[in-house]
Every structure is written in C-alpha cells, then in structure tokens.
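Asks: File follows, work_8.txt with compact mmCIF, C-alpha atoms:
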```txt
# COMPACT_ATOMS: atom_id res chain seq x y z
CA MET A 1 167.44 -96.15 294.81
CA PRO A 2 165.33 -98.60 296.82
CA ALA A 3 161.64 -98.97 296.14
CA PHE A 4 159.11 -97.02 298.16
CA THR A 5 158.80 -98.62 301.54
CA THR A 6 157.25 -98.00 304.89
CA GLY A 7 159.81 -100.19 306.66
CA GLY A 8 160.86 -99.08 310.12
CA ASP A 9 164.61 -99.34 309.49
CA ASP A 10 164.36 -96.99 306.52
CA VAL A 11 162.38 -94.44 308.52
CA GLU A 12 164.76 -94.67 311.47
CA HIS A 13 167.78 -94.15 309.22
CA ALA A 14 166.16 -91.10 307.60
CA GLU A 15 165.34 -89.63 311.01
CA ARG A 16 168.89 -90.29 312.25
CA THR A 17 170.33 -88.63 309.14
CA ARG A 18 168.14 -85.56 309.60
CA GLU A 19 169.20 -85.22 313.22
CA LEU A 20 172.87 -85.42 312.23
CA LEU A 21 172.33 -82.85 309.50
CA ARG A 22 170.63 -80.54 312.02
CA ARG A 23 173.63 -80.85 314.34
CA TRP A 24 175.98 -80.00 311.46
CA HIS A 25 174.01 -77.06 310.06
CA GLU A 26 172.95 -75.54 313.38
CA ASP A 27 175.78 -76.50 315.74
CA GLY A 28 178.71 -76.98 313.36
CA ASP A 29 179.18 -80.57 314.60
CA ARG A 30 181.80 -81.94 312.20
CA ALA A 31 181.52 -85.44 313.68
CA ALA A 32 177.83 -85.44 312.69
CA ARG A 33 178.78 -84.37 309.15
CA GLN A 34 181.33 -87.18 308.97
CA GLU A 35 178.79 -89.76 310.13
CA VAL A 36 176.31 -88.72 307.44
CA ALA A 37 179.04 -88.90 304.80
CA GLU A 38 180.12 -92.37 305.89
CA SER A 39 176.55 -93.72 306.01
CA LEU A 40 175.77 -92.44 302.47
CA LEU A 41 179.16 -93.30 300.95
CA PRO A 42 177.86 -96.62 299.51
CA LEU A 43 175.20 -94.62 297.62
CA ALA A 44 177.85 -92.28 296.20
CA ARG A 45 180.02 -95.21 295.11
CA SER A 46 177.03 -96.92 293.52
CA LEU A 47 176.27 -93.82 291.44
CA ALA A 48 179.94 -93.58 290.43
CA ARG A 49 179.86 -97.16 289.12
CA HIS A 50 177.13 -96.17 286.66
CA TYR A 51 179.72 -93.99 284.90
CA ALA A 52 182.53 -96.58 284.96
CA GLY A 53 183.96 -97.85 281.67
CA LYS A 54 183.61 -94.50 279.92
CA GLY A 55 187.27 -93.52 279.97
CA GLU A 56 187.75 -92.51 283.60
CA PRO A 57 189.19 -94.70 286.41
CA LEU A 58 186.54 -95.89 288.87
CA GLU A 59 188.67 -94.65 291.76
CA ASP A 60 188.56 -91.10 290.34
CA LEU A 61 184.80 -91.31 289.80
CA GLU A 62 184.23 -92.49 293.37
CA GLN A 63 186.28 -89.52 294.60
CA VAL A 64 184.16 -87.13 292.51
CA ALA A 65 180.97 -88.76 293.83
CA SER A 66 182.27 -88.33 297.39
CA VAL A 67 182.79 -84.63 296.74
CA GLY A 68 179.23 -84.45 295.41
CA LEU A 69 177.98 -86.12 298.59
CA LEU A 70 179.79 -83.59 300.78
CA ASN A 71 178.35 -80.77 298.67
CA ALA A 72 174.87 -82.23 299.16
CA ILE A 73 175.42 -82.37 302.93
CA ASP A 74 176.49 -78.73 303.02
CA ARG A 75 173.76 -77.46 300.67
CA PHE A 76 170.82 -79.40 302.11
CA ASP A 77 167.97 -77.12 303.15
CA MET A 78 166.78 -78.26 306.58
CA SER A 79 163.50 -76.39 306.11
CA ARG A 80 162.46 -78.79 303.35
CA ASP A 81 160.47 -81.82 304.47
CA VAL A 82 162.29 -84.32 302.24
CA ARG A 83 164.71 -87.12 302.92
CA PHE A 84 168.34 -86.24 302.45
CA ALA A 85 169.00 -89.17 300.06
CA THR A 86 166.44 -87.85 297.57
CA PHE A 87 168.32 -84.55 297.46
CA ALA A 88 171.77 -86.16 297.37
CA VAL A 89 171.21 -88.31 294.25
CA PRO A 90 170.83 -85.47 291.69
CA THR A 91 173.57 -83.46 293.45
CA ILE A 92 176.07 -86.31 293.18
CA ALA A 93 175.00 -87.03 289.60
CA GLY A 94 175.54 -83.39 288.69
CA GLU A 95 179.07 -83.49 290.09
CA LEU A 96 179.86 -86.60 288.03
CA LYS A 97 178.48 -85.03 284.85
CA ARG A 98 180.52 -81.86 285.42
CA HIS A 99 183.61 -84.02 285.88
CA PHE A 100 183.16 -85.61 282.46
CA ARG A 101 182.48 -82.22 280.88
CA ASP A 102 185.63 -80.71 282.38
CA ARG A 103 187.79 -83.73 281.53
CA GLY A 104 187.06 -83.08 277.87
CA TRP A 105 189.67 -80.30 278.07
CA MET A 106 193.34 -81.25 277.77
CA LEU A 107 194.38 -78.09 279.63
CA ARG A 108 192.74 -76.51 282.66
CA VAL A 109 190.45 -73.83 281.27
CA PRO A 110 188.24 -71.56 283.44
CA ARG A 111 184.60 -72.61 283.45
CA ASP A 112 183.36 -69.27 282.09
CA ILE A 113 185.76 -69.54 279.13
CA GLN A 114 184.62 -73.10 278.45
CA GLU A 115 181.02 -71.93 278.36
CA LEU A 116 181.89 -68.90 276.23
CA SER A 117 183.77 -71.16 273.82
CA ALA A 118 180.60 -73.22 273.29
CA ARG A 119 178.58 -70.02 272.71
CA VAL A 120 181.18 -68.76 270.24
CA THR A 121 181.02 -72.02 268.29
CA ARG A 122 177.23 -71.83 267.98
CA CYS A 123 177.35 -68.14 267.10
CA ARG A 124 179.94 -68.65 264.37
CA GLU A 125 177.82 -71.40 262.82
CA THR A 126 174.76 -69.14 262.81
CA LEU A 127 176.60 -66.15 261.36
CA THR A 128 178.25 -68.32 258.71
CA ARG A 129 174.85 -69.52 257.53
CA GLU A 130 173.48 -65.98 257.50
CA HIS A 131 176.43 -64.30 255.74
CA GLY A 132 177.68 -67.16 253.61
CA ARG A 133 181.20 -66.72 255.02
CA SER A 134 183.11 -67.08 258.28
CA PRO A 135 182.39 -64.16 260.64
CA THR A 136 185.09 -61.87 261.98
CA VAL A 137 186.01 -61.74 265.67
CA GLY A 138 184.33 -58.35 265.89
CA GLU A 139 181.07 -59.68 264.43
CA VAL A 140 181.00 -62.56 266.90
CA ALA A 141 181.83 -60.22 269.79
CA SER A 142 179.02 -57.87 268.78
CA ALA A 143 176.51 -60.70 268.44
CA LEU A 144 177.35 -62.10 271.89
CA GLY A 145 177.85 -58.78 273.66
CA GLU A 146 181.45 -59.64 274.55
CA SER A 147 184.78 -57.91 273.98
CA ASP A 148 187.10 -58.92 271.16
CA GLU A 149 189.66 -60.05 273.77
CA ARG A 150 187.17 -62.44 275.40
CA ILE A 151 186.25 -63.92 272.03
CA LEU A 152 189.93 -64.47 271.22
CA ASP A 153 190.42 -66.15 274.61
CA ALA A 154 187.52 -68.48 273.85
CA LEU A 155 188.89 -69.32 270.41
CA ARG A 156 192.32 -70.10 271.88
CA ALA A 157 190.71 -72.21 274.58
CA ALA A 158 188.93 -74.28 271.94
CA ASP A 159 192.36 -75.53 270.84
CA ALA A 160 192.75 -77.12 274.28
CA TYR A 161 189.65 -79.25 273.85
CA ARG A 162 190.55 -82.88 273.58
CA THR A 163 189.80 -84.57 270.28
CA MET A 164 189.73 -88.35 270.09
CA SER A 165 189.42 -90.93 267.37
CA LEU A 166 186.19 -92.90 267.53
CA ASP A 167 188.32 -96.05 267.29
CA GLU A 168 190.62 -95.06 270.17
CA PRO A 169 190.42 -97.64 273.00
CA LEU A 170 188.86 -96.47 276.24
CA ALA A 171 191.09 -96.44 279.29
CA GLY A 172 190.47 -99.47 281.47
CA ALA A 173 188.29 -101.19 278.86
CA GLU A 174 189.18 -104.69 277.64
CA SER A 175 187.78 -104.01 274.18
CA GLY A 176 185.90 -101.40 272.22
CA GLY A 177 186.55 -97.75 271.56
CA VAL A 178 184.82 -94.43 272.00
CA LEU A 179 182.21 -95.31 269.39
CA ASP A 180 181.11 -98.29 271.49
CA ALA A 181 180.48 -96.00 274.46
CA ILE A 182 178.27 -93.61 272.52
CA GLY A 183 174.60 -94.36 272.82
CA GLY A 184 171.75 -94.16 275.27
CA GLU A 185 172.10 -93.22 278.90
CA ASP A 186 172.20 -95.90 281.58
CA ASP A 187 168.54 -96.81 282.08
CA GLY A 188 169.13 -98.05 285.61
CA PHE A 189 170.68 -94.78 286.68
CA ALA A 190 167.91 -92.77 285.03
CA ARG A 191 165.39 -94.81 286.99
CA ALA A 192 167.32 -94.12 290.21
CA GLU A 193 167.10 -90.37 289.59
CA GLU A 194 163.42 -90.64 288.74
CA ARG A 195 162.80 -92.66 291.91
CA ALA A 196 164.49 -89.94 293.95
CA MET A 197 162.20 -87.33 292.43
CA LEU A 198 159.16 -89.52 293.15
CA ASP A 199 160.22 -89.91 296.78
CA ILE A 200 160.31 -86.12 297.10
CA GLY A 201 156.72 -85.93 295.85
CA LEU A 202 155.53 -88.82 298.01
CA GLU A 203 156.84 -87.27 301.19
CA THR A 204 154.63 -84.20 300.70
CA LEU A 205 151.43 -86.29 300.70
CA ALA A 206 149.19 -87.01 303.65
CA PRO A 207 149.46 -90.60 304.99
CA ARG A 208 146.22 -91.79 303.36
CA GLU A 209 147.10 -90.25 299.99
CA ARG A 210 150.57 -91.79 300.16
CA GLU A 211 149.07 -95.20 300.91
CA VAL A 212 146.63 -94.92 298.00
CA VAL A 213 149.48 -94.03 295.61
CA ARG A 214 151.54 -96.94 296.95
CA LEU A 215 148.70 -99.41 296.44
CA ARG A 216 147.88 -98.11 292.97
CA TYR A 217 151.32 -97.65 291.44
CA TYR A 218 153.61 -99.87 293.53
CA GLU A 219 151.25 -102.78 294.29
CA GLY A 220 149.30 -102.52 291.02
CA MET A 221 145.87 -102.68 292.67
CA THR A 222 142.78 -101.42 290.86
CA GLN A 223 140.74 -98.53 292.20
CA ARG A 224 137.99 -100.95 293.22
CA GLU A 225 140.46 -103.11 295.15
CA ILE A 226 141.90 -100.06 296.87
CA ALA A 227 138.43 -98.85 297.80
CA ARG A 228 137.68 -102.20 299.49
CA ALA A 229 141.08 -102.23 301.22
CA ILE A 230 140.77 -98.80 302.86
CA GLY A 231 136.99 -98.71 303.25
CA VAL A 232 135.96 -95.84 300.98
CA SER A 233 134.10 -95.53 297.69
CA GLN A 234 135.79 -96.09 294.34
CA MET A 235 134.93 -92.51 293.37
CA HIS A 236 136.71 -91.23 296.46
CA VAL A 237 139.77 -93.31 295.57
CA SER A 238 139.74 -91.79 292.08
CA ARG A 239 139.67 -88.28 293.56
CA LEU A 240 142.50 -89.12 295.96
CA ILE A 241 144.68 -90.45 293.16
CA ARG A 242 144.04 -87.45 290.93
CA ARG A 243 144.70 -84.99 293.75
CA SER A 244 147.84 -86.83 294.86
CA VAL A 245 149.31 -87.00 291.36
CA ASP A 246 148.64 -83.30 290.80
CA SER A 247 150.27 -82.46 294.13
CA MET A 248 153.33 -84.58 293.36
CA ARG A 249 153.67 -83.01 289.92
CA GLU A 250 153.67 -79.50 291.42
CA THR A 251 156.29 -80.54 293.97
CA ILE A 252 158.59 -82.36 291.58
CA ALA A 253 158.55 -79.88 288.68
CA PRO A 254 160.73 -77.15 290.26
CA VAL A 255 163.18 -79.78 291.67
CA THR A 256 163.53 -81.35 288.22
CA ARG A 257 164.21 -77.97 286.60
CA ALA A 258 166.84 -77.16 289.21
CA ALA A 259 168.58 -80.46 288.67
```
The structure given in the file should be rewritten as structure tokens.
Replies:
Amino acid sequence: MPAFTTGGDDVEHAERTRELLRRWHEDGDRAARQEVAESLLPLARSLARHYAGKGEPLEDLEQVASVGLLNAIDRFDMSRDVRFATFAVPTIAGELKRHFRDRGWMLRVPRDIQELSARVTRCRETLTREHGRSPTVGEVASALGESDERILDALRAADAYRTMSLDEPLAGAESGGVLDAIGGEDDGFARAEERAMLDIGLETLAPREREVVRLRYYEGMTQREIARAIGVSQMHVSRLIRRSVDSMRETIAPVTRAA
C-alpha cells in the first residue's frame, strides 16, 4: 500500500474508481465493473505474492485474490466516504486466508461442518480434563447444543483433515519443509493492511487535521515546527493532533473488528 499522499494522480484515480463503482452499483454497468477489476488487478496479485511459497501455486493464489477483488467490488458500500482500495485490501486478504484454511482439508467438507469439527475438538479436550476420560458423543452433543448425528458428522469430517510431516517439502519450494514456513506473519503485508486502515481514518478528517497528521506522523515534524508551518499556536496543534487521533481510532475500530 503506497504511503499517504496528496498527489493529483492518486486522487484522480480514486475519483475515477468511485465513478465506475457508482455506474456498476446503480446502473449495472458491467464494463465499469470490469475496468475497476483490471485497474486493481496488480494490487490483488501483489497481495497474493505475500502468500507464495507456503505450499500453494502462485497462479492459484492470484486467482483467489482476483475473486476477492471481485467480491470487494460487489460488496463496496457507496455511502461510505472511503477509497475503494482501502476496503479491497482486507477483503482480498480474507479470501486468501480462507483459501489456506479450506485447503487444509483433503476432501471437500461443508464450511459449517469444518467449523463444528473445530468446536468438537475443543469441547472434547475440555470435557476430558473435567471428567478424566474421553467424553461420549452424547456428552459432546449436549455440551454444544447439537444432535448426535451432527457430532458424528464432525468427527468423520476430522478424518479428512490433511496431516503433514513437518519435514515434508513444500510444493514449489527449492528447499525447506513445513517447519521452515512456520513462524511470524509477513511484516510487509501486515503493514499494508495497517496502512489501509489508516487511510480509512485519514479520509474522515477535515483537510487541516489531515495535514497536521501528515506533517506529524509522515514527515516527522515536531508540534512547534507544525505550528510555524501552518500559522497557529503549538497548543492548538496539540489539540488538533489529539482530536484527529481520537477520531481516527473511532473510525478504524469497527472496520478492524469486521476484518
């Protein structure tokens, strides 16, 4: 995600994208939808590359990211005063993460059964600790408020979950196995998601507040330097920064939870 900028080209592109999205959502203009998809496809491919080398072909990941981009186009709320790219990043990332979660299953298993299987596993561990023995199907069903049949379906589905040796080579990797891929998340991608969230908050600020935030946190200027630059007192700059940060926090919090 590019750094915060007031460049004209960036603004013009955002305005063009919003107009195309309006034509798609309000007029059903499929050509407008296609143009948005094509213009943001490099972003989708870039996000897909962050997940490359983890056992899935890059071509497949780019396809998944493209689906995420189309979902973002269709789900974008035109009433929100945010740039489309800031909404698209977490949507595409979510699609990629779901892909890796679903690919952990050797057989195609319905999503609700996958989720129930995880709940059953946690419940069985809890009941085993409490009772000192493995729980019966009926006990698990009672604890989760499910039928015995659903619990049995979840237990059978667990057998379809792919197990893999930690030394097994990763597909497409020249060296190293699963163990080498386990670790921290990609810092660069995390920063891209965080930048998208910050852009959402910045766009809700008034022009002067946005400029003060840019000077303080992007240019690294002190409050005194900012005060001289925009012609106000240092105390006023302090109030603007505090008010702007509080406003951005209130805006970003619900978006972060949804993501």
Asks: Would you pick out the contacts of Glu149 of chain A at 10 Å or less, using all atoms listed in the file, so that residues sharing its chain but fewer than 5 positions from it are not included, and give the list as a VMD selection string?
Replies: chain A and resid 137 to 138 141 154 to 155
Asks: Produce the centre coordinates and the three edge lengths, each in Å to one decimal, of the box along x, y and z that contains all listed atoms of segment 206-225 of chain A with 6 Å added on each side, as AutoDock Vina command-line options.
Replies:
```
--center_x 145.8 --center_y -95.1 --center_z 297.9 --size_x 27.6 --size_y 28.1 --size_z 26.1
```
Asks: Calculate how many Å separate atom CA of Val64 of chain A from atom CA of Asp29 of chain A, rounding to one decimal.
Replies: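 If I compute the distance from atom CA of Val64 of chain A to atom CA of Asp29 of chain A, I get 23.6 Å.
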Asks: Atom CA of Arg216 of chain A and atom CA of Leu47 of chain A are how many Å apart?
Replies: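 Spanning atom CA of Arg216 of chain A to atom CA of Leu47 of chain A is a straight-line distance of 28.8 Å.
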Asks: Considering all atoms listed in the file, return as a PDB file with C-alpha atoms, in the frame of the given file whatever protein or nucleic-acid residues lie within 9 Å of Ala118 of chain A, sequence-local ones (same chain, fewer than 4 positions apart) excluded.
Replies:
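And here is the file that came out, result_33.pdb:
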```pdb
ATOM      1  CA  ILE A 113     185.760 -69.540 279.130  1.00  0.00           C
ATOM      2  CA  GLN A 114     184.620 -73.100 278.450  1.00  0.00           C
ATOM      3  CA  ARG A 122     177.230 -71.830 267.980  1.00  0.00           C
ATOM      4  CA  CYS A 123     177.350 -68.140 267.100  1.00  0.00           C
ATOM      5  CA  ALA A 154     187.520 -68.480 273.850  1.00  0.00           C
ATOM      6  CA  ALA A 158     188.930 -74.280 271.940  1.00  0.00           C
TER       7      ALA A 158
END
```
Asks: Quick one: of A:Val120, A:Ala157, A:Ile241, A:Val213, who's nearest to Ala143 of chain A, counting all atoms listed in the file?
Replies: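 Looking at the shortest contact to Ala143 of chain A, the residue is A:Val120.
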Asks: Would you list the residues near (147.9, -97.7, 291.3), meaning any protein, DNA or RNA residue with an atom at most 12 Å from that point in file coordinates, counting only C-alpha atoms, as a ChimeraX atom specification?
Replies: /A:209-227,237-238,240-242,244-245
Asks: Please indicate the distance in Å from atom CA of Asp112 of chain A to atom CA of Gly53 of chain A, rounded to one decimal place.
Replies: 28.6 Å
Asks: Go through A:Arg22, A:Glu56, A:Ala44, A:Glu62 and flag the residue nearest Pro90 of chain A, using all atoms listed in the file for the distances.
Replies: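 Once distances to Pro90 of chain A are computed over all atoms listed in the file, the minimum belongs to A:Ala44.
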